[in-house]
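Everything below belongs to target-v1.tsv, which stores TSV, N, CA and C atoms and all ligand atoms.
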```tsv
chain	number	residue	atom	x	y	z
A	48	MET	N	-0.36	34.24	-1.70
A	48	MET	CA	-1.48	34.08	-0.78
A	48	MET	C	-1.94	35.47	-0.34
A	49	GLN	N	-3.23	35.64	-0.35
A	49	GLN	CA	-3.77	36.92	0.07
A	49	GLN	C	-3.80	36.99	1.61
A	50	ARG	N	-3.78	38.21	2.10
A	50	ARG	CA	-3.75	38.43	3.54
A	50	ARG	C	-4.97	37.80	4.23
A	51	ARG	N	-6.15	37.91	3.60
A	51	ARG	CA	-7.37	37.36	4.19
A	51	ARG	C	-7.26	35.83	4.34
A	52	ASN	N	-6.75	35.16	3.32
A	52	ASN	CA	-6.58	33.71	3.40
A	52	ASN	C	-5.60	33.34	4.50
A	53	PHE	N	-4.54	34.10	4.62
A	53	PHE	CA	-3.55	33.83	5.66
A	53	PHE	C	-4.18	33.95	7.04
A	54	ILE	N	-4.98	35.01	7.23
A	54	ILE	CA	-5.63	35.22	8.54
A	54	ILE	C	-6.65	34.12	8.80
A	55	ASP	N	-7.40	33.68	7.79
A	55	ASP	CA	-8.35	32.58	7.97
A	55	ASP	C	-7.63	31.30	8.40
A	56	ILE	N	-6.52	31.01	7.76
A	56	ILE	CA	-5.75	29.81	8.12
A	56	ILE	C	-5.22	29.93	9.53
A	57	LEU	N	-4.73	31.10	9.88
A	57	LEU	CA	-4.20	31.32	11.23
A	57	LEU	C	-5.28	31.16	12.29
A	58	LEU	N	-6.45	31.74	12.05
A	58	LEU	CA	-7.56	31.62	13.01
A	58	LEU	C	-8.04	30.17	13.09
A	59	GLY	N	-8.16	29.51	11.96
A	59	GLY	CA	-8.60	28.11	11.95
A	59	GLY	C	-7.64	27.23	12.71
A	60	SER	N	-6.36	27.46	12.55
A	60	SER	CA	-5.35	26.67	13.27
A	60	SER	C	-5.46	26.92	14.77
A	61	GLY	N	-5.71	28.15	15.17
A	61	GLY	CA	-5.84	28.48	16.59
A	61	GLY	C	-7.05	27.80	17.21
A	62	ILE	N	-8.15	27.80	16.49
A	62	ILE	CA	-9.36	27.14	17.00
A	62	ILE	C	-9.13	25.64	17.11
A	63	LEU	N	-8.50	25.06	16.11
A	63	LEU	CA	-8.22	23.62	16.13
A	63	LEU	C	-7.29	23.26	17.29
A	64	ALA	N	-6.27	24.06	17.52
A	64	ALA	CA	-5.33	23.79	18.60
A	64	ALA	C	-6.01	23.91	19.96
A	65	THR	N	-6.88	24.90	20.12
A	65	THR	CA	-7.61	25.07	21.38
A	65	THR	C	-8.52	23.88	21.64
A	66	THR	N	-9.26	23.44	20.63
A	66	THR	CA	-10.15	22.29	20.77
A	66	THR	C	-9.35	21.04	21.12
A	67	ALA	N	-8.25	20.84	20.44
A	67	ALA	CA	-7.42	19.66	20.71
A	67	ALA	C	-6.88	19.68	22.14
A	68	SER	N	-6.52	20.86	22.64
A	68	SER	CA	-5.98	20.93	24.00
A	68	SER	C	-7.03	20.62	25.05
A	69	ILE	N	-8.30	20.83	24.73
A	69	ILE	CA	-9.39	20.50	25.67
A	69	ILE	C	-9.76	19.03	25.57
A	70	VAL	N	-9.87	18.52	24.36
A	70	VAL	CA	-10.37	17.16	24.14
A	70	VAL	C	-9.29	16.10	24.40
A	71	TYR	N	-8.05	16.39	24.06
A	71	TYR	CA	-6.99	15.38	24.14
A	71	TYR	C	-6.83	14.76	25.53
A	72	PRO	N	-6.79	15.54	26.61
A	72	PRO	CA	-6.64	14.91	27.92
A	72	PRO	C	-7.80	13.99	28.27
A	73	ILE	N	-8.99	14.32	27.81
A	73	ILE	CA	-10.14	13.48	28.10
A	73	ILE	C	-10.06	12.18	27.30
A	74	LEU	N	-9.59	12.26	26.06
A	74	LEU	CA	-9.46	11.05	25.25
A	74	LEU	C	-8.40	10.11	25.82
A	75	ARG	N	-7.44	10.64	26.54
A	75	ARG	CA	-6.41	9.79	27.16
A	75	ARG	C	-6.86	9.34	28.54
A	76	GLY	N	-8.18	9.24	28.75
A	76	GLY	CA	-8.70	8.78	30.04
A	76	GLY	C	-8.85	7.28	30.09
A	77	LEU	N	-8.83	6.75	31.29
A	77	LEU	CA	-8.98	5.32	31.54
A	77	LEU	C	-10.18	5.17	32.44
A	78	ILE	N	-11.16	4.35	32.04
A	78	ILE	CA	-12.34	4.12	32.86
A	78	ILE	C	-12.30	2.69	33.39
A	79	VAL	N	-12.47	2.56	34.70
A	79	VAL	CA	-12.39	1.27	35.36
A	79	VAL	C	-13.68	1.02	36.13
A	80	ARG	N	-14.21	-0.22	36.02
A	80	ARG	CA	-15.37	-0.59	36.84
A	80	ARG	C	-14.85	-1.43	38.01
A	81	THR	N	-15.10	-0.98	39.23
A	81	THR	CA	-14.60	-1.69	40.41
A	81	THR	C	-15.45	-2.94	40.68
A	82	ALA	N	-15.01	-3.76	41.63
A	82	ALA	CA	-15.72	-5.00	41.95
A	82	ALA	C	-17.15	-4.74	42.40
A	83	ASP	N	-17.40	-3.58	43.03
A	83	ASP	CA	-18.76	-3.27	43.48
A	83	ASP	C	-19.55	-2.50	42.42
A	84	GLY	N	-19.04	-2.41	41.20
A	84	GLY	CA	-19.79	-1.83	40.08
A	84	GLY	C	-19.60	-0.34	39.89
A	85	GLU	N	-18.80	0.29	40.74
A	85	GLU	CA	-18.58	1.73	40.61
A	85	GLU	C	-17.63	2.03	39.44
A	86	LEU	N	-17.95	3.08	38.69
A	86	LEU	CA	-17.07	3.50	37.60
A	86	LEU	C	-16.15	4.60	38.09
A	87	ARG	N	-14.89	4.46	37.74
A	87	ARG	CA	-13.90	5.48	38.08
A	87	ARG	C	-13.11	5.82	36.83
A	88	ALA	N	-12.75	7.09	36.69
A	88	ALA	CA	-11.99	7.51	35.51
A	88	ALA	C	-10.73	8.24	35.95
A	89	PHE	N	-9.67	7.95	35.24
A	89	PHE	CA	-8.37	8.55	35.54
A	89	PHE	C	-7.72	9.01	34.25
A	90	SER	N	-6.81	9.93	34.37
A	90	SER	CA	-5.96	10.25	33.24
A	90	SER	C	-5.11	9.02	32.96
A	91	ALA	N	-4.93	8.71	31.70
A	91	ALA	CA	-4.09	7.56	31.33
A	91	ALA	C	-2.62	7.95	31.24
A	92	ARG	N	-2.30	9.16	31.67
A	92	ARG	CA	-0.89	9.61	31.64
A	92	ARG	C	-0.24	9.31	32.98
A	93	CYS	N	0.80	8.52	32.92
A	93	CYS	CA	1.55	8.19	34.14
A	93	CYS	C	2.15	9.48	34.72
A	94	THR	N	2.16	9.55	36.05
A	94	THR	CA	2.67	10.75	36.72
A	94	THR	C	4.19	10.75	36.82
A	95	HIS	N	4.82	9.72	36.30
A	95	HIS	CA	6.29	9.71	36.30
A	95	HIS	C	6.79	10.48	35.08
A	96	LEU	N	6.71	9.87	33.89
A	96	LEU	CA	7.20	10.54	32.68
A	96	LEU	C	6.17	10.52	31.55
A	97	ASN	N	4.90	10.47	31.92
A	97	ASN	CA	3.79	10.62	30.96
A	97	ASN	C	3.58	9.47	29.98
A	98	CYS	N	4.06	8.29	30.25
A	98	CYS	CA	3.70	7.15	29.42
A	98	CYS	C	2.21	6.85	29.63
A	99	THR	N	1.63	6.09	28.73
A	99	THR	CA	0.22	5.72	28.86
A	99	THR	C	0.09	4.49	29.75
A	100	VAL	N	-0.75	4.60	30.78
A	100	VAL	CA	-0.97	3.48	31.70
A	100	VAL	C	-2.07	2.58	31.14
A	101	GLN	N	-2.12	1.35	31.67
A	101	GLN	CA	-3.12	0.38	31.23
A	101	GLN	C	-3.69	-0.35	32.43
A	102	TYR	N	-4.91	-0.86	32.25
A	102	TYR	CA	-5.54	-1.64	33.31
A	102	TYR	C	-5.07	-3.08	33.20
A	103	ASP	N	-4.61	-3.65	34.31
A	103	ASP	CA	-4.19	-5.05	34.38
A	103	ASP	C	-5.32	-5.82	35.06
A	104	SER	N	-6.11	-6.55	34.26
A	104	SER	CA	-7.28	-7.23	34.82
A	104	SER	C	-6.90	-8.41	35.71
A	105	ASP	N	-5.74	-9.01	35.50
A	105	ASP	CA	-5.33	-10.13	36.35
A	105	ASP	C	-5.01	-9.64	37.77
A	106	GLU	N	-4.30	-8.54	37.85
A	106	GLU	CA	-3.90	-8.00	39.16
A	106	GLU	C	-4.88	-6.99	39.70
A	107	ARG	N	-5.85	-6.59	38.88
A	107	ARG	CA	-6.85	-5.58	39.26
A	107	ARG	C	-6.16	-4.30	39.75
A	108	GLN	N	-5.27	-3.81	38.92
A	108	GLN	CA	-4.58	-2.56	39.20
A	108	GLN	C	-4.19	-1.90	37.88
A	109	ILE	N	-3.73	-0.68	37.97
A	109	ILE	CA	-3.34	0.08	36.78
A	109	ILE	C	-1.82	0.10	36.74
A	110	VAL	N	-1.27	-0.23	35.59
A	110	VAL	CA	0.19	-0.36	35.49
A	110	VAL	C	0.73	0.52	34.37
A	111	CYS	N	1.98	0.89	34.56
A	111	CYS	CA	2.71	1.62	33.52
A	111	CYS	C	3.88	0.75	33.10
A	112	ALA	N	3.89	0.38	31.85
A	112	ALA	CA	4.91	-0.55	31.35
A	112	ALA	C	6.28	0.11	31.19
A	113	CYS	N	6.32	1.43	31.13
A	113	CYS	CA	7.60	2.10	30.87
A	113	CYS	C	8.66	1.81	31.94
A	114	HIS	N	8.28	2.01	33.22
A	114	HIS	CA	9.26	1.83	34.29
A	114	HIS	C	8.67	1.04	35.46
A	115	GLY	N	7.57	0.33	35.21
A	115	GLY	CA	7.00	-0.52	36.24
A	115	GLY	C	6.17	0.20	37.28
A	116	GLY	N	5.61	1.32	36.96
A	116	GLY	CA	4.75	2.03	37.90
A	116	GLY	C	3.45	1.28	38.11
A	117	VAL	N	2.93	1.32	39.34
A	117	VAL	CA	1.68	0.62	39.66
A	117	VAL	C	0.78	1.56	40.46
A	118	PHE	N	-0.50	1.56	40.10
A	118	PHE	CA	-1.51	2.39	40.78
A	118	PHE	C	-2.65	1.46	41.20
A	119	ASP	N	-3.29	1.78	42.35
A	119	ASP	CA	-4.46	0.99	42.73
A	119	ASP	C	-5.70	1.55	42.01
A	120	LEU	N	-6.86	0.97	42.29
A	120	LEU	CA	-8.08	1.39	41.58
A	120	LEU	C	-8.66	2.68	42.14
A	121	ASN	N	-7.95	3.32	43.06
A	121	ASN	CA	-8.27	4.69	43.46
A	121	ASN	C	-7.35	5.67	42.76
A	122	GLY	N	-6.44	5.13	41.93
A	122	GLY	CA	-5.48	5.97	41.21
A	122	GLY	C	-4.24	6.29	42.03
A	123	LYS	N	-4.16	5.73	43.24
A	123	LYS	CA	-3.02	6.02	44.12
A	123	LYS	C	-1.78	5.26	43.65
A	124	ASN	N	-0.65	5.94	43.61
A	124	ASN	CA	0.62	5.31	43.27
A	124	ASN	C	1.03	4.38	44.40
A	125	ILE	N	1.24	3.08	44.07
A	125	ILE	CA	1.56	2.11	45.12
A	125	ILE	C	2.89	1.41	44.91
A	126	ALA	N	3.48	1.54	43.71
A	126	ALA	CA	4.80	0.92	43.48
A	126	ALA	C	5.46	1.59	42.29
A	127	GLY	N	6.78	1.49	42.28
A	127	GLY	CA	7.54	2.04	41.15
A	127	GLY	C	7.80	3.52	41.32
A	128	PRO	N	8.27	4.15	40.26
A	128	PRO	CA	8.72	5.54	40.36
A	128	PRO	C	7.65	6.64	40.31
A	129	PRO	N	6.39	6.38	39.95
A	129	PRO	CA	5.44	7.50	39.89
A	129	PRO	C	5.37	8.25	41.22
A	130	PRO	N	5.56	9.58	41.20
A	130	PRO	CA	5.63	10.35	42.44
A	130	PRO	C	4.29	10.74	43.05
A	131	LYS	N	3.22	10.61	42.26
A	131	LYS	CA	1.92	11.03	42.80
A	131	LYS	C	0.80	10.24	42.11
A	132	PRO	N	-0.42	10.32	42.65
A	132	PRO	CA	-1.55	9.58	42.08
A	132	PRO	C	-1.91	10.06	40.67
A	133	LEU	N	-2.68	9.22	39.97
A	133	LEU	CA	-3.20	9.61	38.66
A	133	LEU	C	-4.23	10.72	38.84
A	134	LEU	N	-4.32	11.57	37.85
A	134	LEU	CA	-5.35	12.60	37.85
A	134	LEU	C	-6.72	11.92	37.75
A	135	THR	N	-7.63	12.32	38.61
A	135	THR	CA	-8.96	11.70	38.67
A	135	THR	C	-9.99	12.54	37.94
A	136	TYR	N	-10.86	11.87	37.21
A	136	TYR	CA	-11.98	12.55	36.54
A	136	TYR	C	-13.28	12.13	37.22
A	137	SER	N	-14.28	12.96	37.07
A	137	SER	CA	-15.60	12.65	37.58
A	137	SER	C	-16.34	11.81	36.53
A	138	VAL	N	-17.11	10.81	37.00
A	138	VAL	CA	-17.88	9.94	36.10
A	138	VAL	C	-19.34	10.03	36.48
A	139	ASN	N	-20.19	10.33	35.52
A	139	ASN	CA	-21.63	10.34	35.73
A	139	ASN	C	-22.29	9.49	34.66
A	140	VAL	N	-23.24	8.66	35.09
A	140	VAL	CA	-23.98	7.82	34.15
A	140	VAL	C	-25.37	8.41	34.01
A	141	ARG	N	-25.72	8.75	32.77
A	141	ARG	CA	-27.04	9.30	32.48
A	141	ARG	C	-27.69	8.40	31.44
A	142	ASP	N	-28.74	7.72	31.83
A	142	ASP	CA	-29.39	6.72	30.97
A	142	ASP	C	-28.34	5.71	30.52
A	143	ASP	N	-28.04	5.66	29.23
A	143	ASP	CA	-27.04	4.69	28.77
A	143	ASP	C	-25.75	5.37	28.33
A	144	GLU	N	-25.52	6.59	28.83
A	144	GLU	CA	-24.31	7.31	28.48
A	144	GLU	C	-23.41	7.49	29.70
A	145	ILE	N	-22.11	7.38	29.47
A	145	ILE	CA	-21.13	7.65	30.51
A	145	ILE	C	-20.48	8.98	30.19
A	146	VAL	N	-20.60	9.93	31.13
A	146	VAL	CA	-20.03	11.25	30.92
A	146	VAL	C	-18.83	11.41	31.85
A	147	VAL	N	-17.67	11.65	31.27
A	147	VAL	CA	-16.43	11.84	32.03
A	147	VAL	C	-16.02	13.30	31.93
A	148	SER	N	-15.76	13.91	33.08
A	148	SER	CA	-15.36	15.32	33.04
A	148	SER	C	-14.31	15.56	34.12
A	149	ARG	N	-13.64	16.66	33.98
A	149	ARG	CA	-12.63	17.01	34.98
A	149	ARG	C	-13.30	17.34	36.29
A	150	VAL	N	-12.66	16.98	37.39
A	150	VAL	CA	-13.22	17.22	38.73
A	150	VAL	C	-13.18	18.69	39.03
B	1	LIG	S1	6.50	6.76	32.94
B	1	LIG	FE1	5.27	5.44	34.10
B	1	LIG	S2	6.64	4.56	35.50
B	1	LIG	FE2	7.86	5.88	34.34
```

Starting from the file, give its structure as structure tokens.
Amino acid sequence: MQRRNFIDILLGSGILATTASIVYPILRGLIVRTADGELRAFSARCTHLNCTVQYDSDERQIVCACHGGVFDLNGKNIAGPPPKPLLTYSVNVRDDEIVVSRV
């Protein structure tokens, strides 16, 4: 392998890793529409040990199946071992697009 090819691969890998580190947390987001129609977005990573949380439509809350963590629709930890609320994202609706970004 020539030195130039090695450097190209190294730079390409660095750019890919940087992009993934920015996009990945947003892709693991959870968007919930409240009873009054408001959209809220949270990180889908549980604050206990980083399992993926899910929306429970029957109970109208966010749950973590790993250890029984429960969050309300404000992202606040209300039961189980999670030590703090879910990370909250900002949600903006523009025409027919939903834009989720870090607060
Ligand atoms: S990782 Fe979610 S409750 Fe433990």

Chain A near ligand LIG 1 (chain B) within 6.5 Å: what's each residue's closest atom pair and its distance in Å to one decimal, counting only N, CA and C atoms and all ligand atoms, ordered by chain then ascending residue number, as JSON lines?
```
{"residue": "A:Cys93", "atom": "CA", "partner": "B:LIG1", "partner_atom": "FE1", "distance": 4.6}
{"residue": "A:Thr94", "atom": "N", "partner": "B:LIG1", "partner_atom": "FE1", "distance": 5.5}
{"residue": "A:His95", "atom": "C", "partner": "B:LIG1", "partner_atom": "S1", "distance": 4.3}
{"residue": "A:Leu96", "atom": "N", "partner": "B:LIG1", "partner_atom": "S1", "distance": 3.3}
{"residue": "A:Asn97", "atom": "N", "partner": "B:LIG1", "partner_atom": "S1", "distance": 4.2}
{"residue": "A:Cys98", "atom": "N", "partner": "B:LIG1", "partner_atom": "S1", "distance": 3.9}
{"residue": "A:Thr99", "atom": "N", "partner": "B:LIG1", "partner_atom": "S1", "distance": 6.5}
{"residue": "A:Cys111", "atom": "CA", "partner": "B:LIG1", "partner_atom": "FE1", "distance": 4.6}
{"residue": "A:Ala112", "atom": "N", "partner": "B:LIG1", "partner_atom": "FE1", "distance": 5.7}
{"residue": "A:Cys113", "atom": "C", "partner": "B:LIG1", "partner_atom": "FE2", "distance": 4.8}
{"residue": "A:His114", "atom": "N", "partner": "B:LIG1", "partner_atom": "S2", "distance": 3.8}
{"residue": "A:Gly115", "atom": "N", "partner": "B:LIG1", "partner_atom": "S2", "distance": 4.3}
{"residue": "A:Gly116", "atom": "N", "partner": "B:LIG1", "partner_atom": "S2", "distance": 3.7}
{"residue": "A:Val117", "atom": "N", "partner": "B:LIG1", "partner_atom": "S2", "distance": 6.2}
{"residue": "A:Gly127", "atom": "C", "partner": "B:LIG1", "partner_atom": "S2", "distance": 6.0}
{"residue": "A:Pro128", "atom": "N", "partner": "B:LIG1", "partner_atom": "S2", "distance": 5.0}
{"residue": "A:Pro129", "atom": "N", "partner": "B:LIG1", "partner_atom": "S2", "distance": 4.8}
```

Just write the chosen residues, N, CA and C atoms, as a compact mmCIF listing (two decimals), in the frame of the given file.
```txt
# COMPACT_ATOMS: atom_id res chain seq x y z
N CYS A 93 0.80 8.52 32.92
CA CYS A 93 1.55 8.19 34.14
C CYS A 93 2.15 9.48 34.72
N THR A 94 2.16 9.55 36.05
CA THR A 94 2.67 10.75 36.72
C THR A 94 4.19 10.75 36.82
N HIS A 95 4.82 9.72 36.30
CA HIS A 95 6.29 9.71 36.30
C HIS A 95 6.79 10.48 35.08
N LEU A 96 6.71 9.87 33.89
CA LEU A 96 7.20 10.54 32.68
C LEU A 96 6.17 10.52 31.55
N ASN A 97 4.90 10.47 31.92
CA ASN A 97 3.79 10.62 30.96
C ASN A 97 3.58 9.47 29.98
N CYS A 98 4.06 8.29 30.25
CA CYS A 98 3.70 7.15 29.42
C CYS A 98 2.21 6.85 29.63
N THR A 99 1.63 6.09 28.73
CA THR A 99 0.22 5.72 28.86
C THR A 99 0.09 4.49 29.75
N CYS A 111 1.98 0.89 34.56
CA CYS A 111 2.71 1.62 33.52
C CYS A 111 3.88 0.75 33.10
N ALA A 112 3.89 0.38 31.85
CA ALA A 112 4.91 -0.55 31.35
C ALA A 112 6.28 0.11 31.19
N CYS A 113 6.32 1.43 31.13
CA CYS A 113 7.60 2.10 30.87
C CYS A 113 8.66 1.81 31.94
N HIS A 114 8.28 2.01 33.22
CA HIS A 114 9.26 1.83 34.29
C HIS A 114 8.67 1.04 35.46
N GLY A 115 7.57 0.33 35.21
CA GLY A 115 7.00 -0.52 36.24
C GLY A 115 6.17 0.20 37.28
N GLY A 116 5.61 1.32 36.96
CA GLY A 116 4.75 2.03 37.90
C GLY A 116 3.45 1.28 38.11
N VAL A 117 2.93 1.32 39.34
CA VAL A 117 1.68 0.62 39.66
C VAL A 117 0.78 1.56 40.46
N GLY A 127 6.78 1.49 42.28
CA GLY A 127 7.54 2.04 41.15
C GLY A 127 7.80 3.52 41.32
N PRO A 128 8.27 4.15 40.26
CA PRO A 128 8.72 5.54 40.36
C PRO A 128 7.65 6.64 40.31
N PRO A 129 6.39 6.38 39.95
CA PRO A 129 5.44 7.50 39.89
C PRO A 129 5.37 8.25 41.22
```

Residue nearest Gly76 of chain A among A:Asn121, A:Ser104, A:Thr135, A:Ser60 (counting only C-alpha atoms):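 Closest candidate: A:Thr135.
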
Every residue of chain A that DSSP places in helix (DSSP H, G or I), as a ChimeraX atom specification: /A:50-74

Atom C of Arg149 of chain A to atom C of Ser137 of chain A, straight-line distance in Å: 6.3 Å

Residues flagged strand (DSSP E or B) by DSSP in segment 48-104 of chain A, as number ranges by chain: A: 76-80, 86-90, 92, 99, 101-103

Between atom N of Asn139 of chain A and atom C of Leu86 of chain A - distance in Å to one decimal: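 Atom-to-atom, atom C of Leu86 of chain A and atom N of Asn139 of chain A are spaced 7.5 Å apart.
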
Residue with smallest distance to Glu85 of chain A - pool A:Leu57, A:Val138, A:Leu63, A:Arg107, counting only C-alpha atoms: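 Among A:Leu57, A:Val138, A:Leu63, A:Arg107, it is A:Val138 that comes nearest to Glu85 of chain A.
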
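Here atom CA of Val150 of chain A is placed at a distance of 19.2 Å from atom C of Pro130 of chain A.
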